[in-house]
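Colleague: Sending over a structure as structure tokens; questions will come in a sec.
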Amino acid sequence: MKILFLSTFSIFLLSAFDPANSSAHYDKILSHSRIRAREQGPNVCALQQVMGTKKKYFSTCRNWYQGTICGKKATVLYECCPGYMKMDGMRGCPAVAPIDHVYGTLGIVGATSTQRYSDMSKLREEIEGRGSFTFFSPSNEAWELLDREIHSNLIDNVNIELYNALHNHMVNKRMLTKDLKNGLTLVSMYNDQQLLINHYPNGVVTVNCARIIHGNQIATNGVVHVIDRVLTPVGNTIQEFLEAEDDVSSLRAAAITSGVLDTLGKPGHYTLFAPTNEAFEKLPRGVLERIMGDKVASEALMKFHILNTLQCSEAILGGAVYETLEGSTIEVGCDGESLTVNGVKMTNRKDIVTSNGVIHLIDHVLIPNSAKQVIELAGDQQTTFTDLLAQLGLTSSLRPEGQYTLLAPLNGAFSDDTLRMDLRLLKLIMQNHILKVKIGLNELYNGQKVETLGGKRLRIFVYRTAVCIENSCMVRGSKEGRNGVIHIFRQIIKPAEKSLREVLKNDKRFSIFLNLVKDADLDDVLSQPGEWTLFVPTNEAFKGLTDEEKEILRSDKNALRTILLYHLTKGIYIGSGFEPGVTNILKTIQGSKLFLKTVNDTLLVNEVKSKESDLMATNGVIHVIDKLLYPVDVPVGNELLLTILNKMIKYIQIKFVHGSRFQEIPLTFFKKTGRKITKVVGGTTIRKVTQGTRLIEGEPESKLFREGETITKVIHGEPIIETYTKIIDGHPVEVTEKKVTEERIIQGPEIQYTRITAGGRGDTEENLKKLLEEDTAVRRPKPPKKAQGTPRRRTRLVHP
């Protein structure tokens with residue numbers, strides 16, 4: 001009857017809380033272990049045991065399904081859950097374990113060494129008597145692992161040393177695992193020594209970093225928790241440990257220099273990954289001196305080794321990310337018995353428990369990005385970029401006190417042809433991957449222009465899921481260092497040099513398309529400043545058309561404009577800037593829609609594959625296709641034209657509506673800047689004045705000159721406002737520049753000068769004539785004669 005009552009009492013104690021509504025992670029994990037073992041019978045728990053060791057865990061779902069713990073294979077064991085026992089001839093563990101006082105309970109849980117030492121030290125009488133105790137009992141294996149010298153000292157002085165050591169494992173009140181809250185500090189029964197409790201989300205509960213391996217064994221006068229190591233008294237702070245240990249003297253010096261040492265002497269729950277002196281000796285020559293000479297960098301270095309949470313090694317069953325005092329994160333994991341930091345095995349001594357945290361000695365120094373020079377931020381996938389910077393002498397231009405942004409292409413972006421380039425040209429390319437100002441990822445915006453070390457201004461394009469600079473888009477991995485930022489790119493960045501029209505003109509593949517553009521009077525659209533995306537069919541798209549059919553195509557200007565303007569859309573859209581596999585809808589200048597998406601790094605336009613993407617121009621981007629595009633919602637009313645279109649376009653069905661006509665598309669979607677005046681050179685007779693029209697408010701200005709007049713005419717174009725980032729006196733400044741185009745016509749050889757002036761400042765008449773004389777001298781020795789062809793135009797940029 002007594003045994004039945006005591007058994008019922010133990011069940012009541014274990015069930016006197018609702019694990020679903022508490023933070024008792026240990027009990028939740030134990031419940032999951034019951035579920036996994038339910039087919040084995042009642043009250044059976046499933047555990048994982050690391051192969052080759054005696055370490056067993058009530059494991060998390062992650063470890064369970066991976067079948068590993070700390071990267072080592074784990075086998076499954078089935079045992080009676082704590083508090084239950086087997087009965088002969090019955091499945092599972094149907095019986096409740098007998099309940100006894102604490103001394104007797106030590107025998108029930110197999111802690112026979114602790115039981116024996118309780119006898120030797122005269123503790124038995126106390127733990128058999130009245131009271132309410134919590135006994136964190138080391139397992140038999142834990143006593144065997146204890147340092148031999150310490151063990152001998154305990155046995156040699158059982159009445160004092162051993163007795164005190166056992167009291168250090170006891171608390172003078174009952175504490176179940178649900179009561180052992182994370183961060184709780186208990187007072188032991190020896191000299192009020194601190195017992196630091198940590199209760200982790202993975203169900204691991206530690207006492208001074210010793211793991212509870214069998215918890216909640218109820219006794220009549222308390223509870224017994226079996227732990228995996230013998231507890232030693234804790235007294236010193238982390239600061240006091242660093243000041244006393246010679247093996248960490250380099251770290252101590254760094255802590256003093258950075259002003260962090262005092263922090264480690266304050267109350268808290270810290271984890272310090274402490275590099276040994278040998279670890280500091282592994283650093284490249286000069287790196288440590290540079291960091292220690294920079295208070296900001298040295299403080300970042302020290303704080304990068306400190307967590308504001310207490311992480312015992314026994315609680316780490318797999319990789320987890322933790323925030324450091326420096327602000328960035330590290331990944332702490334395990335590989336067998338060793339801890340890993342950011343994937344590298346580096347621990348040579350674990351779990352040095354102090355009064356304000358725990359120390360793990362490591363054999364590598366962790367350097368945060370914030371303490372690195374910008375060139376040191378590059379990873380294994382950017383080694384070609386950094387090697388080229390060093391070989392071309394550009395690394396020395398990245399001064400420690402400066403601020404820079406590196407635009408680093410991946411190794412695969414550098415082809416053999418690129419690496420075989422003339423070194424002077426290659427240096428120019430690399431200079432255009434360095435910005436003279438630090439710009440973080442969150443500081444980039446669409447339409448922004450940034451200046452490179454090579455003097456080029458690059459355009460920024462920000463899309464829904466991508467950030468691109470000119471033709472190349474970023475990949476993840478941007479990092480910020482002490483003197484700059486590095487962004488990673490898929491391709492080498494190629495600054496635009498020519499307009500859309502010039503790009504097409506210089507490539508024979510586009511000759512037919514460009515001729516059609518001229519026939520439709522759209523030539524200026526591709527020459528004027530703007531932001532366009534142009535889908536250009538190669539000559540292959542017109543293969544098989546006769547001259548007569550091409551003439552029919554040209555004859556209807558409205559039809560031709562409809563087709564050509566369906567290939568043009570407002571805005572610059574880089575191919576790799578589109579979210580993969582997602583359809584993007586763009587409205588064309590013609591008015592109908594284009595449907596774009598990328599599949600396997602290939603851009604599809606209305607399901608037509610782009611043969612080559614991202615040909616950058618100063619006023620847009622070109623995507624090359626081998627088929628003509630046509631808006632499916634626009635019917636054709638001319639049978640001859642329909643026949644020609646069907647000959648070129650086979651991937652869609654073009655509608656035919658008898659009598660349907662193409663609507664005129666007015667050229668109000670762009671602004672034509674400036675005026676062009678053509679005259680006969682070598683005399684005073686004006687033959688013709690050709691007036692350009694700017695599609696803005698107001699009437700275009702024109703003037704006809706009388707015969708015999710000397711002409712000095714200044715014509716102002718539409719002002720252009722540009723904003724970009726520039727370095728002035730070593731500081732980044734957002735510069736807004738007003739550009740005004742002027743054309744001056746002077747009697748003499750037919751040359752037109754177009755000057756870009758900032759702030760409205762122009763040339764004097766004398767300077768302009770001097771330029772004219774210089775240009776005339778270059779064009780000699782032929783005598784003056786009638787100018788032929790298009791007037792010459794010179795463009796210059798004058799800064800305020």
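Each chain in the structure tokens gets a letter, A, B, ..., in the order shown, and its residues are numbered from 1; ligands are numbered from 1 in order too.
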Fewer than 6 positions away in the same chain doesn't count, so skip those; otherwise give me all residues within 8 Å of region 392-396 of chain A, counting only C-alpha atoms, as a ChimeraX atom specification.
Modeller: /A:375,423,427,431
Colleague: Write out, as a compact mmCIF listing (two decimals), in the first residue's frame, the residues just selected, with N, CA, C and O atoms.
Modeller:
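Listing of out00.txt after writing:
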# COMPACT_ATOMS: atom_id res chain seq x y z
N ILE A 375 39.83 45.12 -49.49
CA ILE A 375 40.38 44.10 -50.38
C ILE A 375 40.36 42.73 -49.71
O ILE A 375 40.31 41.69 -50.37
N LEU A 423 47.81 44.98 -70.88
CA LEU A 423 47.71 45.33 -69.47
C LEU A 423 47.15 46.73 -69.25
O LEU A 423 46.46 46.98 -68.27
N LYS A 427 43.88 47.34 -67.10
CA LYS A 427 43.89 48.23 -65.93
C LYS A 427 42.71 49.19 -65.97
O LYS A 427 42.07 49.46 -64.95
N GLN A 431 39.88 49.50 -63.14
CA GLN A 431 39.62 50.78 -62.47
C GLN A 431 38.13 51.11 -62.46
O GLN A 431 37.65 51.77 -61.53
Colleague: Show which residues sit within 8 Å of region 62-66 of chain A, as number ranges by chain. Count only C-alpha atoms, and ignore same-chain residues fewer than 2 positions away.
Modeller: A: 48, 59-60, 68-69, 317-318
Colleague: Give me, as a compact mmCIF listing (two decimals) with N, CA, C and O atoms, in the first residue's frame, all polymer residues having an atom no more than 10 Å from region 215-217 of chain A, counting only C-alpha atoms and skipping those fewer than 2 positions away in the same chain.
Modeller:
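Contents of around26.txt, freshly written:
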# COMPACT_ATOMS: atom_id res chain seq x y z
N SER A 10 4.68 10.20 -7.09
CA SER A 10 5.71 10.58 -8.08
C SER A 10 5.08 10.97 -9.40
O SER A 10 5.52 11.91 -10.06
N LEU A 13 3.76 14.50 -9.13
CA LEU A 13 4.80 15.52 -9.22
C LEU A 13 5.21 15.76 -10.68
O LEU A 13 5.41 16.88 -11.11
N LEU A 14 5.34 14.69 -11.43
CA LEU A 14 5.78 14.81 -12.83
C LEU A 14 4.73 15.43 -13.72
O LEU A 14 5.03 16.02 -14.74
N TYR A 26 13.07 20.61 -22.31
CA TYR A 26 13.48 19.23 -22.02
C TYR A 26 12.26 18.31 -22.03
O TYR A 26 12.29 17.22 -22.63
N ASP A 27 11.21 18.73 -21.38
CA ASP A 27 10.02 17.89 -21.27
C ASP A 27 9.30 17.74 -22.62
O ASP A 27 8.73 16.69 -22.90
N CYS A 81 11.34 5.46 -20.34
CA CYS A 81 11.38 6.88 -20.05
C CYS A 81 11.68 7.07 -18.56
O CYS A 81 11.38 6.19 -17.73
N PRO A 82 12.28 8.22 -18.18
CA PRO A 82 12.61 8.45 -16.77
C PRO A 82 11.39 8.25 -15.87
O PRO A 82 10.31 8.77 -16.14
N GLY A 83 11.58 7.44 -14.80
CA GLY A 83 10.51 7.19 -13.83
C GLY A 83 9.74 5.91 -14.08
O GLY A 83 8.84 5.58 -13.29
N TYR A 84 10.07 5.17 -15.14
CA TYR A 84 9.34 3.93 -15.46
C TYR A 84 10.30 2.77 -15.56
O TYR A 84 11.52 2.95 -15.69
N ALA A 97 8.74 3.26 -11.61
CA ALA A 97 9.92 2.94 -10.82
C ALA A 97 9.64 3.21 -9.35
O ALA A 97 8.94 4.16 -9.01
N ILE A 99 9.90 4.53 -5.60
CA ILE A 99 10.35 5.82 -5.10
C ILE A 99 11.00 5.62 -3.75
O ILE A 99 10.55 4.82 -2.93
N ASP A 100 12.11 6.37 -3.57
CA ASP A 100 12.90 6.22 -2.36
C ASP A 100 13.48 7.59 -2.01
O ASP A 100 13.28 8.57 -2.74
N VAL A 102 16.69 10.28 -1.50
CA VAL A 102 17.69 10.64 -2.49
C VAL A 102 18.81 9.60 -2.56
O VAL A 102 19.25 9.22 -3.66
N THR A 105 17.55 6.66 -4.41
CA THR A 105 17.27 7.01 -5.80
C THR A 105 18.54 7.03 -6.63
O THR A 105 18.54 6.71 -7.82
N LEU A 106 19.68 7.39 -6.01
CA LEU A 106 20.95 7.34 -6.73
C LEU A 106 21.21 5.91 -7.24
O LEU A 106 21.71 5.72 -8.37
N ILE A 108 18.80 3.72 -7.94
CA ILE A 108 17.78 3.43 -8.96
C ILE A 108 18.23 3.94 -10.33
O ILE A 108 18.02 3.28 -11.35
N VAL A 109 18.86 5.13 -10.38
CA VAL A 109 19.27 5.71 -11.68
C VAL A 109 20.66 5.24 -12.09
O VAL A 109 21.18 5.69 -13.11
N THR A 134 17.68 18.94 -4.32
CA THR A 134 17.93 18.62 -5.73
C THR A 134 19.39 18.19 -5.80
O THR A 134 20.30 18.94 -5.41
N PHE A 135 19.60 16.98 -6.29
CA PHE A 135 20.96 16.43 -6.38
C PHE A 135 21.32 16.28 -7.86
O PHE A 135 20.71 15.50 -8.58
N PHE A 136 22.30 17.08 -8.32
CA PHE A 136 22.84 16.91 -9.67
C PHE A 136 23.98 15.91 -9.57
O PHE A 136 25.12 16.26 -9.26
N ARG A 174 13.61 21.33 -4.04
CA ARG A 174 13.34 20.46 -5.18
C ARG A 174 13.18 21.33 -6.45
O ARG A 174 12.40 22.26 -6.49
N MET A 175 13.93 21.01 -7.52
CA MET A 175 13.88 21.73 -8.80
C MET A 175 13.75 20.71 -9.92
O MET A 175 14.71 20.01 -10.25
N LEU A 176 12.54 20.59 -10.49
CA LEU A 176 12.36 19.74 -11.66
C LEU A 176 12.89 20.47 -12.90
O LEU A 176 13.18 21.67 -12.86
N THR A 177 13.03 19.77 -14.02
CA THR A 177 13.57 20.40 -15.24
C THR A 177 12.70 21.57 -15.69
O THR A 177 13.21 22.53 -16.27
N LYS A 178 11.41 21.50 -15.42
CA LYS A 178 10.54 22.61 -15.81
C LYS A 178 10.85 23.87 -15.01
O LYS A 178 10.54 24.98 -15.42
N VAL A 205 19.53 20.65 -21.07
CA VAL A 205 19.61 21.43 -19.83
C VAL A 205 21.00 21.22 -19.25
O VAL A 205 21.47 20.08 -19.13
N ARG A 211 25.72 18.50 -18.78
CA ARG A 211 24.40 18.19 -19.35
C ARG A 211 23.64 17.19 -18.48
O ARG A 211 24.21 16.19 -18.02
N ILE A 212 22.35 17.48 -18.27
CA ILE A 212 21.48 16.51 -17.59
C ILE A 212 21.15 15.39 -18.58
O ILE A 212 20.55 15.64 -19.63
N ILE A 213 21.58 14.18 -18.26
CA ILE A 213 21.34 13.06 -19.17
C ILE A 213 20.20 12.16 -18.70
O ILE A 213 19.70 11.34 -19.47
N ALA A 219 12.34 11.64 -5.73
CA ALA A 219 12.65 10.98 -4.46
C ALA A 219 11.67 11.50 -3.41
O ALA A 219 11.01 12.53 -3.59
N GLY A 222 13.14 14.84 -2.40
CA GLY A 222 13.73 15.69 -3.42
C GLY A 222 13.66 15.09 -4.82
O GLY A 222 12.72 14.37 -5.16
N VAL A 223 14.67 15.37 -5.61
CA VAL A 223 14.74 14.88 -6.98
C VAL A 223 16.22 14.72 -7.35
O VAL A 223 17.09 15.46 -6.88
N VAL A 224 16.47 13.74 -8.21
CA VAL A 224 17.83 13.48 -8.68
C VAL A 224 17.88 13.71 -10.20
O VAL A 224 17.03 13.21 -10.93
N HIS A 225 18.89 14.49 -10.65
CA HIS A 225 19.19 14.65 -12.07
C HIS A 225 20.60 14.12 -12.29
O HIS A 225 21.55 14.55 -11.61
N VAL A 226 20.77 13.22 -13.20
CA VAL A 226 22.09 12.68 -13.51
C VAL A 226 22.74 13.57 -14.55
O VAL A 226 22.14 13.89 -15.59
N ILE A 227 24.00 13.98 -14.31
CA ILE A 227 24.73 14.86 -15.23
C ILE A 227 25.98 14.15 -15.74
O ILE A 227 26.40 13.13 -15.19
Colleague: Identify which of the residues A:Pro138, A:Gly327, A:Gly286, A:Gly581 lies closest to Met302 (chain A), counting only C-alpha atoms when measuring atom-to-atom distances.
Modeller: A:Gly327
Colleague: Where in region 248-326 of chain A does DSSP assign alpha helix (DSSP H), given as a short mmCIF file (atom, residue, chain, number, x, y, z; two decimals) with N, CA, C and O atoms, in the first residue's frame?
Modeller:
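Below you can see result-v3.cif, which holds the result:
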data_model
loop_
_atom_site.label_atom_id
_atom_site.label_comp_id
_atom_site.auth_asym_id
_atom_site.auth_seq_id
_atom_site.Cartn_x
_atom_site.Cartn_y
_atom_site.Cartn_z
N SER A 249 47.81 35.64 -23.46
CA SER A 249 48.35 36.98 -23.22
C SER A 249 48.12 37.91 -24.41
O SER A 249 47.92 39.11 -24.24
N SER A 250 48.15 37.37 -25.65
CA SER A 250 47.91 38.20 -26.83
C SER A 250 46.47 38.71 -26.84
O SER A 250 46.21 39.87 -27.16
N LEU A 251 45.54 37.82 -26.48
CA LEU A 251 44.14 38.22 -26.41
C LEU A 251 43.94 39.24 -25.29
O LEU A 251 43.17 40.20 -25.45
N ARG A 252 44.64 39.05 -24.20
CA ARG A 252 44.54 40.00 -23.08
C ARG A 252 45.00 41.38 -23.54
O ARG A 252 44.35 42.40 -23.24
N ALA A 253 46.09 41.44 -24.29
CA ALA A 253 46.59 42.73 -24.79
C ALA A 253 45.58 43.38 -25.73
O ALA A 253 45.36 44.60 -25.67
N ALA A 254 44.96 42.56 -26.58
CA ALA A 254 43.95 43.10 -27.50
C ALA A 254 42.74 43.61 -26.72
O ALA A 254 42.15 44.64 -27.07
N ALA A 255 42.36 42.90 -25.66
CA ALA A 255 41.21 43.32 -24.84
C ALA A 255 41.50 44.63 -24.13
O ALA A 255 40.62 45.48 -23.98
N ILE A 256 42.75 44.81 -23.69
CA ILE A 256 43.11 46.06 -23.01
C ILE A 256 43.13 47.21 -24.01
O ILE A 256 42.59 48.30 -23.76
N THR A 257 43.74 46.98 -25.18
CA THR A 257 43.85 48.03 -26.21
C THR A 257 42.47 48.51 -26.65
O THR A 257 42.25 49.70 -26.86
N SER A 258 41.55 47.57 -26.80
CA SER A 258 40.22 47.90 -27.32
C SER A 258 39.27 48.41 -26.25
O SER A 258 38.18 48.89 -26.56
N ASN A 277 47.68 32.25 -27.83
CA ASN A 277 48.82 32.98 -28.39
C ASN A 277 49.25 32.38 -29.72
O ASN A 277 49.62 33.09 -30.66
N GLU A 278 49.20 31.07 -29.81
CA GLU A 278 49.57 30.38 -31.05
C GLU A 278 48.65 30.78 -32.19
O GLU A 278 49.08 30.90 -33.35
N ALA A 279 47.38 31.01 -31.87
CA ALA A 279 46.43 31.43 -32.90
C ALA A 279 46.80 32.81 -33.45
O ALA A 279 46.73 33.05 -34.67
N PHE A 280 47.21 33.73 -32.57
CA PHE A 280 47.61 35.07 -33.03
C PHE A 280 48.86 35.01 -33.89
O PHE A 280 49.03 35.81 -34.81
N GLU A 281 49.75 34.06 -33.61
CA GLU A 281 50.98 33.93 -34.39
C GLU A 281 50.72 33.47 -35.81
O GLU A 281 51.56 33.66 -36.70
N VAL A 287 49.06 42.31 -40.23
CA VAL A 287 47.61 42.40 -40.04
C VAL A 287 47.28 42.75 -38.59
O VAL A 287 46.48 43.66 -38.32
N LEU A 288 47.92 42.04 -37.66
CA LEU A 288 47.64 42.29 -36.24
C LEU A 288 48.06 43.71 -35.85
O LEU A 288 47.34 44.40 -35.12
N GLU A 289 49.24 44.15 -36.35
CA GLU A 289 49.71 45.49 -36.03
C GLU A 289 48.72 46.55 -36.54
O GLU A 289 48.44 47.54 -35.85
N ARG A 290 48.22 46.33 -37.76
CA ARG A 290 47.27 47.30 -38.32
C ARG A 290 45.99 47.36 -37.49
O ARG A 290 45.47 48.44 -37.19
N ILE A 291 45.47 46.19 -37.11
CA ILE A 291 44.22 46.15 -36.35
C ILE A 291 44.41 46.74 -34.95
O ILE A 291 43.59 47.53 -34.47
N MET A 292 45.52 46.37 -34.31
CA MET A 292 45.75 46.87 -32.95
C MET A 292 46.05 48.37 -32.94
O MET A 292 45.86 49.05 -31.94
N LYS A 295 41.79 51.67 -33.06
CA LYS A 295 40.92 51.34 -31.93
C LYS A 295 39.57 50.80 -32.36
O LYS A 295 39.03 49.87 -31.74
N VAL A 296 39.02 51.34 -33.44
CA VAL A 296 37.72 50.86 -33.92
C VAL A 296 37.84 49.41 -34.38
O VAL A 296 37.00 48.55 -34.06
N ALA A 297 38.91 49.11 -35.14
CA ALA A 297 39.09 47.75 -35.64
C ALA A 297 39.40 46.78 -34.51
O ALA A 297 38.91 45.64 -34.50
N SER A 298 40.21 47.19 -33.54
CA SER A 298 40.56 46.29 -32.43
C SER A 298 39.35 46.00 -31.56
O SER A 298 39.18 44.87 -31.08
N GLU A 299 38.50 46.99 -31.35
CA GLU A 299 37.27 46.76 -30.58
C GLU A 299 36.35 45.79 -31.32
O GLU A 299 35.75 44.90 -30.71
N ALA A 300 36.26 45.97 -32.65
CA ALA A 300 35.44 45.05 -33.45
C ALA A 300 35.99 43.64 -33.37
O ALA A 300 35.23 42.66 -33.27
N LEU A 301 37.32 43.50 -33.42
CA LEU A 301 37.95 42.18 -33.34
C LEU A 301 37.60 41.48 -32.04
O LEU A 301 37.20 40.31 -32.03
N MET A 302 37.74 42.20 -30.92
CA MET A 302 37.47 41.59 -29.63
C MET A 302 35.99 41.20 -29.49
O MET A 302 35.66 40.09 -29.08
N LYS A 303 35.11 42.12 -29.84
CA LYS A 303 33.68 41.86 -29.66
C LYS A 303 33.17 40.77 -30.58
O LYS A 303 32.14 40.15 -30.28
#
Colleague: Near Gly131 (chain A), within 9 Å and counting only C-alpha atoms, which residues show up once chain neighbours fewer than 5 positions away are dropped, as number ranges by chain?
Modeller: A: 126, 172-173, 220-222
Colleague: Please produce an output containing C-alpha atoms for each residue in the selection, written as a compact mmCIF listing (two decimals), in the first residue's frame.
Modeller:
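So selection15.txt came out as:
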# COMPACT_ATOMS: atom_id res chain seq x y z
CA GLU A 126 21.73 13.76 5.33
CA ASN A 172 18.34 22.89 -0.77
CA LYS A 173 15.00 22.69 -2.62
CA THR A 220 10.67 11.22 -1.23
CA ASN A 221 12.92 14.05 -0.10
CA GLY A 222 13.73 15.69 -3.42
Colleague: Which residue gives the smallest distance to Gln590 (chain A) among A:Gly110, A:Gly575, A:Pro537, A:Pro666, with only C-alpha atoms counted?
Modeller: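 Among A:Gly110, A:Gly575, A:Pro537, A:Pro666, it is A:Pro666 that comes nearest to Gln590 (chain A).
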Colleague: Check the smallest atom-to-atom distance from each of A:Ile552, A:Leu425, A:Ile574, A:Val374 to Gly484 (chain A) using only C-alpha atoms, then report the winner.
Modeller: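 Closest to Gly484 (chain A) of all the choices is A:Val374.
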